[in-house]
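A.B. asks: For reference, the file structure_36.txt (compact mmCIF, C-alpha atoms) is included below:
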```
# COMPACT_ATOMS: atom_id res chain seq x y z
CA MET A 1 -14.14 -95.82 -104.81
CA ALA A 2 -10.55 -95.62 -106.00
CA SER A 3 -11.13 -92.35 -107.74
CA LEU A 4 -12.89 -91.04 -104.70
CA ALA A 5 -10.05 -92.08 -102.46
CA GLN A 6 -7.57 -90.45 -104.76
CA GLN A 7 -9.49 -87.30 -104.66
CA PHE A 8 -9.47 -87.34 -100.88
CA GLY A 9 -5.86 -88.38 -100.78
CA GLY A 10 -4.85 -85.41 -102.83
CA LEU A 11 -6.27 -83.10 -100.26
CA LYS A 12 -3.86 -81.84 -97.59
CA CYS A 13 -5.64 -81.05 -94.43
CA PRO A 14 -3.68 -78.96 -91.93
CA PRO A 15 -3.69 -79.88 -88.24
CA LEU A 16 -6.53 -78.74 -86.14
CA SER A 17 -4.28 -76.50 -84.02
CA THR A 18 -2.98 -74.81 -87.13
CA VAL A 19 -6.45 -74.16 -88.45
CA GLU A 20 -7.55 -72.74 -85.15
CA ASN A 21 -4.48 -70.53 -84.95
CA ASN A 22 -5.05 -69.30 -88.46
CA LYS A 23 -8.67 -68.53 -87.67
CA PHE A 24 -7.70 -66.58 -84.56
CA SER A 25 -4.95 -64.77 -86.42
CA THR A 26 -7.31 -63.89 -89.28
CA ALA A 27 -9.99 -62.74 -86.90
CA SER A 28 -7.50 -60.66 -84.96
CA LYS A 29 -6.21 -59.03 -88.10
CA ASN A 30 -9.70 -58.32 -89.34
CA HIS A 31 -10.64 -56.93 -85.89
CA CYS A 32 -7.62 -54.68 -85.80
CA CYS A 33 -8.27 -53.37 -89.20
CA THR A 34 -11.76 -52.44 -88.38
CA VAL A 35 -11.45 -51.08 -84.70
CA LEU A 36 -8.12 -49.17 -84.52
CA PRO A 37 -9.07 -46.23 -86.74
CA ARG A 38 -12.25 -45.62 -84.67
CA LYS A 39 -10.21 -45.49 -81.38
CA ARG A 40 -7.84 -42.87 -82.75
CA SER A 41 -10.66 -40.61 -83.80
CA VAL A 42 -12.21 -40.71 -80.31
CA ILE A 43 -8.90 -39.83 -78.63
CA SER A 44 -8.34 -36.96 -81.03
CA ALA A 45 -11.79 -35.59 -80.31
CA ALA A 46 -11.24 -35.82 -76.54
CA ALA A 47 -7.91 -34.04 -76.82
CA VAL A 48 -9.58 -31.20 -78.69
CA VAL A 49 -12.24 -30.89 -75.99
CA ILE A 50 -9.63 -30.81 -73.19
CA ALA A 51 -7.52 -28.26 -75.04
CA ASN A 52 -10.53 -26.01 -75.53
CA ALA A 53 -11.46 -26.25 -71.81
CA GLN A 54 -7.92 -25.37 -70.74
CA THR A 55 -7.86 -22.46 -73.12
CA ARG A 56 -11.10 -21.13 -71.71
CA GLU A 57 -9.76 -21.54 -68.14
CA ARG A 58 -6.60 -19.70 -69.04
CA MET A 59 -8.61 -16.92 -70.63
CA LYS A 60 -10.80 -16.66 -67.55
CA LEU A 61 -7.75 -16.46 -65.25
CA LYS A 62 -6.19 -13.89 -67.52
CA GLU A 63 -9.33 -11.75 -67.39
CA MET A 64 -9.40 -12.06 -63.58
CA PHE A 65 -5.77 -11.00 -63.26
CA GLU A 66 -6.24 -8.12 -65.66
CA ASP A 67 -9.31 -6.97 -63.73
CA ALA A 68 -7.47 -7.22 -60.40
CA TYR A 69 -4.49 -5.32 -61.81
CA GLU A 70 -6.75 -2.54 -63.07
CA ARG A 71 -8.49 -2.25 -59.71
CA CYS A 72 -5.17 -2.17 -57.85
CA ARG A 73 -3.93 0.54 -60.20
CA THR A 74 -7.01 2.74 -60.09
CA LEU A 75 -8.85 1.92 -56.83
CA PRO A 76 -6.38 0.09 -54.56
CA LEU A 77 -8.47 0.43 -51.34
CA GLU A 78 -11.95 -0.11 -52.73
CA GLY A 79 -13.84 -2.62 -50.60
CA VAL A 80 -10.90 -3.06 -48.21
CA ALA A 81 -11.88 -2.74 -44.51
CA PHE A 82 -8.25 -2.64 -43.29
CA THR A 83 -7.22 1.04 -43.49
CA ILE A 84 -3.80 2.69 -43.38
CA ASP A 85 -4.46 3.74 -39.77
CA ASP A 86 -5.20 0.12 -38.91
CA PHE A 87 -1.93 -0.83 -40.52
CA HIS A 88 0.04 1.70 -38.45
CA ASP A 89 -1.78 0.58 -35.31
CA ALA A 90 -0.86 -3.00 -36.05
CA LEU A 91 2.78 -2.02 -36.55
CA GLU A 92 2.80 -0.14 -33.26
CA LYS A 93 1.13 -3.05 -31.47
CA TYR A 94 3.16 -5.95 -32.81
CA ASP A 95 6.43 -4.44 -34.00
CA PHE A 96 8.71 -3.00 -31.29
CA ASN A 97 12.36 -2.69 -30.44
CA SER A 98 13.35 -5.41 -27.99
CA GLU A 99 16.78 -3.97 -27.15
CA ILE A 100 17.76 -3.51 -23.49
CA GLY A 101 16.61 -0.11 -22.23
CA THR A 102 13.58 0.03 -24.54
CA LYS A 103 10.23 0.91 -22.96
CA VAL A 104 7.28 -1.28 -23.98
CA LYS A 105 3.61 -1.49 -23.13
CA GLY A 106 2.39 -4.73 -21.65
CA THR A 107 -0.54 -6.41 -19.90
CA VAL A 108 -0.08 -8.60 -16.83
CA PHE A 109 -1.85 -11.94 -17.28
CA ASN A 110 -0.44 -14.07 -14.46
CA VAL A 111 1.26 -13.47 -11.09
CA ASP A 112 3.08 -15.77 -8.68
CA ALA A 113 5.26 -15.52 -5.59
CA ASN A 114 8.33 -14.59 -7.64
CA GLY A 115 6.91 -12.07 -10.09
CA ALA A 116 4.47 -11.63 -12.96
CA LEU A 117 4.09 -12.75 -16.57
CA VAL A 118 3.45 -9.91 -18.99
CA ASP A 119 2.11 -9.98 -22.55
CA ILE A 120 4.05 -7.49 -24.65
CA THR A 121 2.89 -8.97 -28.01
CA ALA A 122 6.32 -10.51 -28.59
CA LYS A 123 7.07 -14.02 -29.79
CA SER A 124 7.14 -15.12 -26.15
CA SER A 125 5.90 -13.76 -22.83
CA ALA A 126 8.03 -11.39 -20.77
CA TYR A 127 8.69 -11.70 -17.04
CA LEU A 128 8.67 -9.09 -14.28
CA PRO A 129 10.70 -10.35 -11.29
CA LEU A 130 9.55 -9.39 -7.79
CA ARG A 131 12.66 -7.32 -7.13
CA GLU A 132 11.95 -5.23 -10.24
CA ALA A 133 8.30 -4.56 -9.40
CA SER A 134 8.89 -1.50 -7.20
CA ILE A 135 11.55 0.72 -5.64
CA HIS A 136 10.08 -0.26 -2.29
CA GLY A 137 10.71 -3.66 -0.74
CA LEU A 138 7.82 -6.03 -1.46
CA LYS A 139 6.90 -9.54 -0.42
CA HIS A 140 4.48 -9.99 -3.33
CA VAL A 141 3.89 -8.06 -6.55
CA GLU A 142 0.24 -7.53 -5.61
CA GLU A 143 1.42 -5.13 -2.87
CA ALA A 144 2.36 -2.77 -5.71
CA GLY A 145 -1.02 -3.18 -7.41
CA ILE A 146 0.32 -5.60 -10.02
CA VAL A 147 -2.58 -7.93 -10.80
CA PRO A 148 -3.83 -9.72 -13.94
CA GLY A 149 -5.30 -7.23 -16.38
CA LEU A 150 -3.02 -4.35 -15.37
CA ARG A 151 -1.62 -2.55 -18.43
CA GLU A 152 1.56 -0.64 -17.74
CA GLU A 153 4.74 0.64 -19.33
CA PHE A 154 7.83 -1.45 -18.60
CA VAL A 155 11.49 -1.21 -19.53
CA ILE A 156 13.48 -4.17 -20.90
CA ILE A 157 16.50 -4.90 -18.71
CA GLY A 158 17.64 -8.32 -19.94
CA VAL A 159 16.98 -11.62 -21.68
CA ASN A 160 16.42 -15.03 -20.12
CA GLU A 161 18.87 -17.28 -22.00
CA ALA A 162 16.87 -20.41 -21.16
CA ASP A 163 13.86 -19.50 -23.30
CA ASP A 164 14.83 -16.15 -24.90
CA SER A 165 12.04 -14.38 -22.97
CA LEU A 166 12.53 -10.74 -22.01
CA ILE A 167 13.05 -9.54 -18.43
CA LEU A 168 11.13 -6.37 -17.53
CA SER A 169 11.38 -3.74 -14.80
CA LEU A 170 9.13 -1.15 -13.22
CA ARG A 171 11.72 -0.20 -10.63
CA ASN A 172 14.00 1.49 -13.17
CA ILE A 173 11.15 3.67 -14.42
CA GLN A 174 10.17 4.57 -10.85
CA TYR A 175 13.78 5.51 -10.06
CA ASP A 176 13.83 7.91 -13.00
CA LEU A 177 10.60 9.51 -11.82
CA ALA A 178 11.89 9.73 -8.22
CA TRP A 179 15.07 11.54 -9.28
CA GLU A 180 13.01 13.94 -11.38
CA ARG A 181 10.72 14.59 -8.42
CA CYS A 182 13.68 15.27 -6.11
CA ARG A 183 15.16 17.77 -8.57
CA GLN A 184 11.81 19.53 -8.71
CA LEU A 185 11.50 19.65 -4.92
CA GLN A 186 15.03 20.99 -4.61
CA ALA A 187 14.26 23.75 -7.12
CA GLU A 188 11.14 24.67 -5.15
CA ASP A 189 13.14 24.61 -1.87
CA VAL A 190 10.40 22.76 0.00
CA VAL A 191 10.57 20.77 3.23
CA VAL A 192 9.92 17.03 2.89
CA LYS A 193 9.63 14.18 5.36
CA GLY A 194 12.18 11.36 5.36
CA LYS A 195 12.19 8.16 7.39
CA VAL A 196 15.52 7.20 8.97
CA VAL A 197 16.36 3.61 7.97
CA GLY A 198 20.07 3.37 8.69
CA ALA A 199 23.17 5.06 10.05
CA ASN A 200 26.95 5.10 9.76
CA LYS A 201 29.79 6.97 11.41
CA GLY A 202 29.13 10.09 9.35
CA GLY A 203 25.36 10.43 9.56
CA VAL A 204 22.01 8.76 9.01
CA VAL A 205 20.27 7.39 5.92
CA ALA A 206 16.72 8.57 5.23
CA VAL A 207 14.30 7.50 2.50
CA VAL A 208 12.77 10.36 0.48
CA GLU A 209 10.55 9.72 -2.57
CA GLY A 210 11.73 6.11 -2.53
CA LEU A 211 15.43 7.10 -2.74
CA ARG A 212 18.00 6.67 0.03
CA GLY A 213 19.52 10.00 0.97
CA PHE A 214 22.38 10.81 3.34
CA VAL A 215 21.99 13.26 6.23
CA PRO A 216 25.38 14.18 7.78
CA PHE A 217 25.39 14.54 11.56
CA SER A 218 26.42 18.17 11.03
CA GLN A 219 23.06 18.68 9.31
CA VAL A 220 20.97 17.09 12.09
CA SER A 221 19.55 19.70 14.45
CA THR A 222 18.67 17.33 17.28
CA LYS A 223 21.22 15.95 19.73
CA SER A 224 19.70 12.48 19.52
CA THR A 225 21.96 9.54 18.70
CA ALA A 226 21.69 7.60 15.46
CA GLU A 227 20.04 4.70 17.27
CA GLU A 228 17.41 7.04 18.70
CA LEU A 229 16.65 8.42 15.25
CA LEU A 230 16.06 5.04 13.60
CA GLU A 231 12.52 4.57 12.23
CA LYS A 232 11.69 8.22 12.96
CA GLU A 233 10.63 10.79 10.38
CA LEU A 234 12.67 13.97 10.02
CA PRO A 235 11.85 17.21 8.18
CA LEU A 236 14.49 17.57 5.48
CA LYS A 237 15.64 19.86 2.69
CA PHE A 238 17.68 18.91 -0.36
CA VAL A 239 21.34 19.90 -0.43
CA GLU A 240 22.55 17.89 -3.44
CA VAL A 241 20.64 15.90 -6.06
CA ASP A 242 23.00 14.16 -8.50
CA GLU A 243 21.45 11.27 -10.39
CA GLU A 244 24.59 10.49 -12.42
CA GLN A 245 26.69 10.02 -9.27
CA SER A 246 23.71 8.57 -7.37
CA ARG A 247 24.23 11.18 -4.64
CA LEU A 248 21.36 12.50 -2.58
CA VAL A 249 22.40 14.73 0.35
CA LEU A 250 19.81 16.12 2.75
CA SER A 251 19.72 18.57 5.66
CA ASN A 252 17.54 18.47 8.75
CA ARG A 253 19.06 21.71 10.06
CA LYS A 254 17.96 23.73 7.03
CA ALA A 255 14.45 22.31 7.25
CA MET A 256 14.23 23.13 10.96
CA ALA A 257 15.42 26.69 10.38
CA ASP A 258 12.75 27.12 7.72
CA SER A 259 10.05 25.70 9.99
CA GLN A 260 11.12 27.82 12.95
CA ALA A 261 11.01 30.98 10.87
CA GLN A 262 7.31 30.34 10.33
CA LEU A 263 6.53 29.95 14.07
CA GLY A 264 5.13 33.37 14.78
CA ILE A 265 3.78 34.23 18.19
CA GLY A 266 0.02 33.67 18.20
CA SER A 267 0.04 31.37 15.16
CA VAL A 268 -1.97 28.14 15.25
CA VAL A 269 -0.25 24.89 14.24
CA ILE A 270 -1.23 21.23 14.18
CA GLY A 271 0.79 18.93 16.40
CA THR A 272 0.97 15.36 17.67
CA VAL A 273 1.36 14.40 21.32
CA GLN A 274 4.72 12.64 21.69
CA SER A 275 4.91 12.04 25.43
CA LEU A 276 3.35 13.03 28.75
CA LYS A 277 5.17 14.36 31.79
CA PRO A 278 3.87 15.45 35.22
CA TYR A 279 4.47 19.08 34.22
CA GLY A 280 3.03 18.94 30.70
CA ALA A 281 2.94 17.31 27.28
CA PHE A 282 5.58 17.38 24.54
CA ILE A 283 4.02 18.12 21.14
CA ASP A 284 5.66 17.50 17.76
CA ILE A 285 4.91 20.44 15.47
CA GLY A 286 6.55 19.66 12.15
CA GLY A 287 9.75 18.18 13.51
CA ILE A 288 10.03 20.63 16.41
CA ASN A 289 9.18 19.57 19.96
CA GLY A 290 7.15 22.11 21.88
CA LEU A 291 6.01 22.02 25.48
CA LEU A 292 2.34 22.35 26.37
CA HIS A 293 2.65 23.12 30.05
CA VAL A 294 -0.06 21.79 32.32
CA SER A 295 -1.01 25.36 33.23
CA GLN A 296 -1.60 26.15 29.50
CA ILE A 297 -3.95 23.25 28.76
CA SER A 298 -7.13 24.85 30.11
CA HIS A 299 -8.41 27.70 32.25
CA ASP A 300 -9.77 25.03 34.57
CA ARG A 301 -7.33 23.10 36.69
CA VAL A 302 -6.00 19.87 35.18
CA SER A 303 -4.98 17.42 37.86
CA ASP A 304 -4.10 14.53 35.52
CA ILE A 305 -2.91 15.30 31.98
CA ALA A 306 -3.72 11.74 30.85
CA THR A 307 -7.44 12.48 31.30
CA VAL A 308 -7.18 15.19 28.60
CA LEU A 309 -4.37 14.03 26.27
CA GLN A 310 -2.82 10.74 25.16
CA PRO A 311 0.34 10.04 23.11
CA GLY A 312 -0.55 10.01 19.42
CA ASP A 313 -3.40 12.52 19.76
CA THR A 314 -3.54 15.21 17.07
CA LEU A 315 -4.51 18.69 18.21
CA LYS A 316 -4.26 22.38 17.41
CA VAL A 317 -2.01 24.51 19.59
CA MET A 318 -1.01 28.15 19.62
CA ILE A 319 2.58 29.38 19.77
CA LEU A 320 3.13 31.35 22.99
CA SER A 321 6.87 31.87 22.72
CA HIS A 322 9.83 30.64 20.66
CA ASP A 323 13.42 30.70 21.89
CA ARG A 324 15.39 30.02 18.71
CA GLU A 325 18.77 30.01 20.42
CA ARG A 326 17.76 27.35 22.92
CA GLY A 327 15.34 25.63 20.54
CA ARG A 328 12.39 25.85 22.94
CA VAL A 329 8.79 26.46 21.94
CA SER A 330 6.00 27.11 24.43
CA LEU A 331 2.47 26.12 23.39
CA SER A 332 -1.05 26.74 24.62
CA THR A 333 -4.55 25.38 24.14
CA LYS A 334 -5.83 27.47 27.04
CA LYS A 335 -5.76 30.62 24.86
CA LEU A 336 -7.92 28.83 22.27
CA GLU A 337 -10.83 28.04 24.60
CA PRO A 338 -14.03 29.91 23.66
CA THR A 339 -15.10 29.55 27.30
CA PRO A 340 -13.01 28.42 30.27
CA GLY A 341 -12.83 24.64 30.61
CA ASP A 342 -13.76 23.81 27.00
CA MET A 343 -10.49 21.93 26.50
CA ILE A 344 -11.60 19.48 29.19
CA ARG A 345 -15.31 19.27 28.37
CA ASN A 346 -15.40 19.83 24.60
CA PRO A 347 -11.95 19.76 22.93
CA LYS A 348 -13.54 19.43 19.47
CA LEU A 349 -15.09 22.88 19.85
CA VAL A 350 -11.71 24.29 20.84
CA PHE A 351 -10.11 22.97 17.63
CA GLU A 352 -13.01 24.27 15.49
CA LYS A 353 -12.69 27.78 16.97
CA ALA A 354 -8.88 27.74 17.19
CA GLU A 355 -8.13 30.20 14.37
CA GLU A 356 -10.89 32.57 15.50
CA MET A 357 -9.68 32.60 19.11
CA ALA A 358 -6.05 32.99 17.98
CA GLN A 359 -7.02 36.02 15.94
CA THR A 360 -8.64 37.55 19.02
CA PHE A 361 -5.48 36.81 21.01
CA ARG A 362 -3.27 38.47 18.40
CA GLN A 363 -5.47 41.56 18.37
CA ARG A 364 -5.19 41.85 22.13
CA ILE A 365 -1.43 41.48 21.92
CA ALA A 366 -1.26 44.14 19.21
CA GLN A 367 -3.43 46.46 21.29
CA ALA A 368 -1.24 45.97 24.35
CA GLU A 369 1.92 46.63 22.33
CA ALA A 370 0.37 49.73 20.80
CA MET A 371 -0.56 51.05 24.22
CA ALA A 372 2.95 50.43 25.48
CA ARG A 373 4.48 52.30 22.54
CA ALA A 374 1.98 55.12 22.96
CA ASP A 375 2.91 55.49 26.62
CA MET A 376 6.55 55.64 25.63
CA LEU A 377 5.90 58.37 23.08
CA ARG A 378 3.72 60.31 25.50
CA PHE A 379 6.59 60.65 27.90
CA GLN A 380 9.31 60.93 25.24
CA PRO A 381 8.00 63.32 22.55
CA GLU A 382 11.56 64.36 21.78
CA SER A 383 12.05 61.06 19.96
CA GLY A 384 10.35 62.58 16.93
CA LEU A 385 8.21 59.44 16.40
CA THR A 386 4.49 58.89 16.64
CA LEU A 387 2.15 55.89 16.55
CA SER A 388 -0.42 55.45 13.79
CA SER A 389 -3.88 54.01 14.35
CA GLU A 390 -2.49 50.68 13.07
CA GLY A 391 0.14 50.67 15.82
CA ILE A 392 3.02 51.52 13.44
CA LEU A 393 5.78 53.91 14.53
CA GLY A 394 6.47 56.79 12.18
CA PRO A 395 7.75 60.37 12.03
CA LEU A 396 5.87 62.87 14.17
CA THR A 397 3.53 64.96 11.98
CA SER A 398 2.21 68.48 12.59
CA ASP A 399 -1.40 67.34 12.87
CA LEU A 400 -0.71 65.34 16.02
CA PRO A 401 -0.16 66.84 19.45
CA VAL A 402 3.38 66.99 20.69
CA GLU A 403 2.42 65.31 23.93
CA GLY A 404 1.57 62.10 22.11
CA LEU A 405 -1.38 60.10 20.82
CA ASP A 406 -4.74 60.02 22.59
CA LEU A 407 -5.21 56.42 23.67
CA GLY A 408 -8.93 56.75 23.05
CA ASP A 409 -8.19 56.65 19.29
CA ILE A 410 -6.95 53.04 19.44
CA PRO A 411 -9.78 50.69 18.37
CA PRO A 412 -10.62 47.98 20.90
CA ALA A 413 -10.13 44.33 20.05
CA GLU A 414 -13.22 42.57 18.76
CA ASP A 415 -14.67 39.97 21.12
```
Can you give me the file's structure in the form of structure tokens?

C.D. replies:
Amino acid sequence: MASLAQQFGGLKCPPLSTVENNKFSTASKNHCCTVLPRKRSVISAAAVVIANAQTRERMKLKEMFEDAYERCRTLPLEGVAFTIDDFHDALEKYDFNSEIGTKVKGTVFNVDANGALVDITAKSSAYLPLREASIHGLKHVEEAGIVPGLREEFVIIGVNEADDSLILSLRNIQYDLAWERCRQLQAEDVVVKGKVVGANKGGVVAVVEGLRGFVPFSQVSTKSTAEELLEKELPLKFVEVDEEQSRLVLSNRKAMADSQAQLGIGSVVIGTVQSLKPYGAFIDIGGINGLLHVSQISHDRVSDIATVLQPGDTLKVMILSHDRERGRVSLSTKKLEPTPGDMIRNPKLVFEKAEEMAQTFRQRIAQAEAMARADMLRFQPESGLTLSSEGILGPLTSDLPVEGLDLGDIPPAED
């Protein structure tokens, strides 16, 4: 037993915790020695795979870029639906000069009591104020035909500082066109109508082509006062058209002289009944007042002019006489009647046949004048003049008798 005990006593047993720690440490070391090399080989293999995939991706991108470069160099527009013309159209549509005075195209998309919003393809909408919608005074832009959907050319006149939107105008463009029209009418020396809208101590103000022109009293043919001329239309001619100085001077006297020169005896003109009097009706014939005497209305007796004519009626009349010095014109519808009394029973027929009846009247007048001249030559052969078959005086020729022209050679007027 003693020997056995000595044997056991000579053994040194470490503590349990030490043994366990040594076992764990040994196992850990053995585990590390056997696992770590395998982990490194897996990571290395994965890295190689990733590197190869990235290389292939880079090669693919490189090939794509090289192919795109080659196509851009050789066939830049192949398969492209957007053409050069489309590009220029886009530039014209979206790229414009927004400086003041620039003209731009725009489409109205909204209107209100104060104006209209216009799409001019800018970064913000543009606005057309009511006062800039027309050269005429308007209460609403729709009076000038400005409605949503209208596409028009505008001119930029300013910028709204509150939101940087542009302010547009149609009035400025219309003014330019009006001045151009007035210059053209002045060059053509035509008579225009102007409505009197104001007056001052020197004359009256009349609107022509949307512009306000000045008519000095010295250039007004009528003796009417300025108050009497207000709201009336006058025939006018241009005296001065100066856009730079904004001067438009007009003359009623020149227009009246031109109109009166065209009032030949026997000519048919269109007039408007201005007023009725017991002795006749005053007719406006292009700015000139003529008298249609009651005795010249119809061959039949007219007891009450109001039963035949009313103020505002439009009718055709014939010029009977024209006293330029006194400014009096005598008119007739009686001479235009196909049959006596037509002006009372069927005035429409009178107006339809007016030119035909006036031609007959002129022929009769010409025949009467020719007969009068022929009688004069018959009794005064020493004058050395003779009358042709057209009623024209000329030198006496050897093939005509000295005693004058045979009246039987004058053709009768056609009925």

A.B. asks: Rounded to one decimal in Å, what is the spacing between atom CA of Gly266 of chain A and atom CA of Asp300 of chain A?

C.D. replies: 20.9 Å

A.B. asks: Write out as a PyMOL selection string the residues lying within 10 Å of Gln274 of chain A, counting all atoms listed in the file and excluding same-chain residues fewer than 6 positions away.

C.D. replies: chain A and resi 281-285+289-290+310-314

A.B. asks: Rank A:Glu355, A:Glu161, A:Glu227, A:Glu243 by their smallest atom-to-atom distance to Ile270 of chain A, using all atoms listed in the file, and report the top residue only.

C.D. replies: A:Glu355

A.B. asks: Quick one: everything within 7 Å of Leu320 of chain A, counting only C-alpha atoms, minus sequence neighbours fewer than 6 positions away in the same chain. Send it as a list in words.

C.D. replies: Ile265, Gly266, Ser330, Leu331 and Ser332 of chain A

A.B. asks: Go through A:Ser251, A:Ser165, A:Thr102, A:Thr55 and flag the residue nearest Val118 of chain A, using all atoms listed in the file for the distances.

C.D. replies: A:Ser165

A.B. asks: For the atom pair atom CA of Pro148 of chain A and atom CA of Leu211 of chain A, what is the interatomic distance in Å to one decimal place?

C.D. replies: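 Value for the atom CA of Pro148 of chain A-atom CA of Leu211 of chain A distance: 27.9 Å.
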
A.B. asks: May I have the residues within 12 Å of Lys348 of chain A as a PyMOL selection string, using all atoms listed in the file and disregarding those fewer than 3 positions away in the same chain?

C.D. replies: chain A and resi 308+314-316+333+336-338+342-345+351-354

A.B. asks: At what distance in Å, to one decimal, does atom CA of Ala255 of chain A lie from atom CA of Arg181 of chain A?

C.D. replies: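 If I compute the distance from atom CA of Arg181 of chain A to atom CA of Ala255 of chain A, I get 17.9 Å.
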